[in-house]
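Comments concern the structure below.
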Amino acid sequence: MKKYICNVCGYIYDPEKGDPDSGIAPGTPFEAIPDSWKCPLCGIGKDRFSAID
């Protein structure tokens with residue numbers, strides 16, 4: 001599973017860790033996160049993230 005980076009603040013979403021504070025369980029791929037999810041650091045929308053190769 002790919003990691004994704006916030007284009008605004010640099011937060012990296014790691015699917016192995018998820019985002020438990022926002023209700024995203026470890027092992028959740030980025031594509032499966034609801035579109036309403038926001039970056040936990042800066043609050044920007046999911047559409048402002050880019051895949052990391």
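How things are named: the first chain in the structure tokens is A, the next is B, and so on; residues count from 1 in each chain; ligands count from 1 in the order shown.
Across chain A, DSSP run on the backbone finds strand (DSSP E) at A:Lys3, A:Tyr4, A:Ile5, A:Cys6, A:Ile12, A:Tyr13, A:Phe49, A:Ser50, A:Ala51, A:Ile52.
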Residues as selected, C-alpha atoms, written as a short mmCIF file (atom, residue, chain, number, x, y, z; two decimals), in the first residue's frame, can you do that?
```
data_model
loop_
_atom_site.label_atom_id
_atom_site.label_comp_id
_atom_site.auth_asym_id
_atom_site.auth_seq_id
_atom_site.Cartn_x
_atom_site.Cartn_y
_atom_site.Cartn_z
CA LYS A 3 1.84 6.27 1.48
CA TYR A 4 0.36 9.68 0.71
CA ILE A 5 1.68 13.14 1.59
CA CYS A 6 -0.30 16.30 2.32
CA ILE A 12 2.34 11.53 5.60
CA TYR A 13 -0.57 9.10 5.72
CA PHE A 49 -2.72 14.57 -0.98
CA SER A 50 -0.27 12.98 -3.43
CA ALA A 51 1.00 9.42 -3.61
CA ILE A 52 4.60 8.78 -2.59
#
```
| request: Mind checking which residues fall within 12 Å of Ala25 of chain A, counting only C-alpha atoms, ignoring those fewer than 6 positions away in the same chain, and posting them as a PyMOL selection string? | output: chain A and resi 13-19+32-33
Would you export the selected residues with all heavy atoms as a compact mmCIF listing (two decimals), in the first residue's frame, please?
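Written output follows (result_33.txt):
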```
# COMPACT_ATOMS: atom_id res chain seq x y z
N TYR A 13 0.38 10.14 5.33
CA TYR A 13 -0.57 9.10 5.72
C TYR A 13 0.07 7.76 5.39
O TYR A 13 0.38 7.46 4.24
CB TYR A 13 -1.91 9.22 4.98
CG TYR A 13 -2.81 8.05 5.32
CD1 TYR A 13 -3.48 8.01 6.53
CD2 TYR A 13 -2.94 6.97 4.46
CE1 TYR A 13 -4.26 6.92 6.88
CE2 TYR A 13 -3.72 5.87 4.79
CZ TYR A 13 -4.38 5.86 6.00
OH TYR A 13 -5.15 4.78 6.35
N ASP A 14 0.28 6.96 6.43
CA ASP A 14 0.85 5.63 6.29
C ASP A 14 -0.27 4.62 6.53
O ASP A 14 -0.79 4.53 7.65
CB ASP A 14 1.97 5.44 7.32
CG ASP A 14 2.67 4.10 7.22
OD1 ASP A 14 2.15 3.19 6.52
OD2 ASP A 14 3.73 3.95 7.83
N PRO A 15 -0.66 3.86 5.49
CA PRO A 15 -1.77 2.93 5.66
C PRO A 15 -1.53 1.86 6.72
O PRO A 15 -2.48 1.35 7.30
CB PRO A 15 -1.94 2.29 4.28
CG PRO A 15 -0.83 2.77 3.44
CD PRO A 15 -0.14 3.88 4.14
N GLU A 16 -0.27 1.54 7.00
CA GLU A 16 0.01 0.55 8.04
C GLU A 16 -0.35 1.08 9.42
O GLU A 16 -0.69 0.32 10.31
CB GLU A 16 1.48 0.15 8.00
CG GLU A 16 1.84 -0.66 6.76
CD GLU A 16 3.28 -1.13 6.76
OE1 GLU A 16 3.96 -1.02 7.80
OE2 GLU A 16 3.72 -1.60 5.70
N LYS A 17 -0.28 2.40 9.59
CA LYS A 17 -0.62 3.03 10.88
C LYS A 17 -2.06 3.52 10.92
O LYS A 17 -2.66 3.61 11.98
CB LYS A 17 0.32 4.20 11.16
CG LYS A 17 1.78 3.78 11.32
CD LYS A 17 2.65 4.98 11.55
CE LYS A 17 4.12 4.58 11.64
NZ LYS A 17 4.99 5.75 11.74
N GLY A 18 -2.59 3.91 9.75
CA GLY A 18 -3.93 4.50 9.70
C GLY A 18 -3.94 5.86 10.39
O GLY A 18 -2.91 6.52 10.52
N ASP A 19 -5.10 6.27 10.85
CA ASP A 19 -5.26 7.51 11.61
C ASP A 19 -6.31 7.24 12.69
O ASP A 19 -7.45 7.68 12.59
CB ASP A 19 -5.71 8.65 10.68
CG ASP A 19 -5.86 9.97 11.41
OD1 ASP A 19 -5.37 10.09 12.56
OD2 ASP A 19 -6.47 10.89 10.84
N ALA A 32 -9.51 3.94 0.47
CA ALA A 32 -10.69 3.51 1.23
C ALA A 32 -11.12 4.51 2.30
O ALA A 32 -12.18 4.33 2.91
CB ALA A 32 -10.43 2.15 1.87
N ILE A 33 -10.33 5.55 2.51
CA ILE A 33 -10.68 6.57 3.50
C ILE A 33 -11.84 7.40 2.94
O ILE A 33 -11.84 7.76 1.76
CB ILE A 33 -9.48 7.50 3.78
CG1 ILE A 33 -8.32 6.72 4.39
CG2 ILE A 33 -9.88 8.64 4.70
CD1 ILE A 33 -7.07 7.53 4.53
```
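The spacing separating atom CA of Gly43 of chain A from atom CA of Gly27 of chain A amounts to 21.7 Å.
The space between atom CA of Gly10 of chain A and atom CA of Gly23 of chain A spans 20.6 Å.
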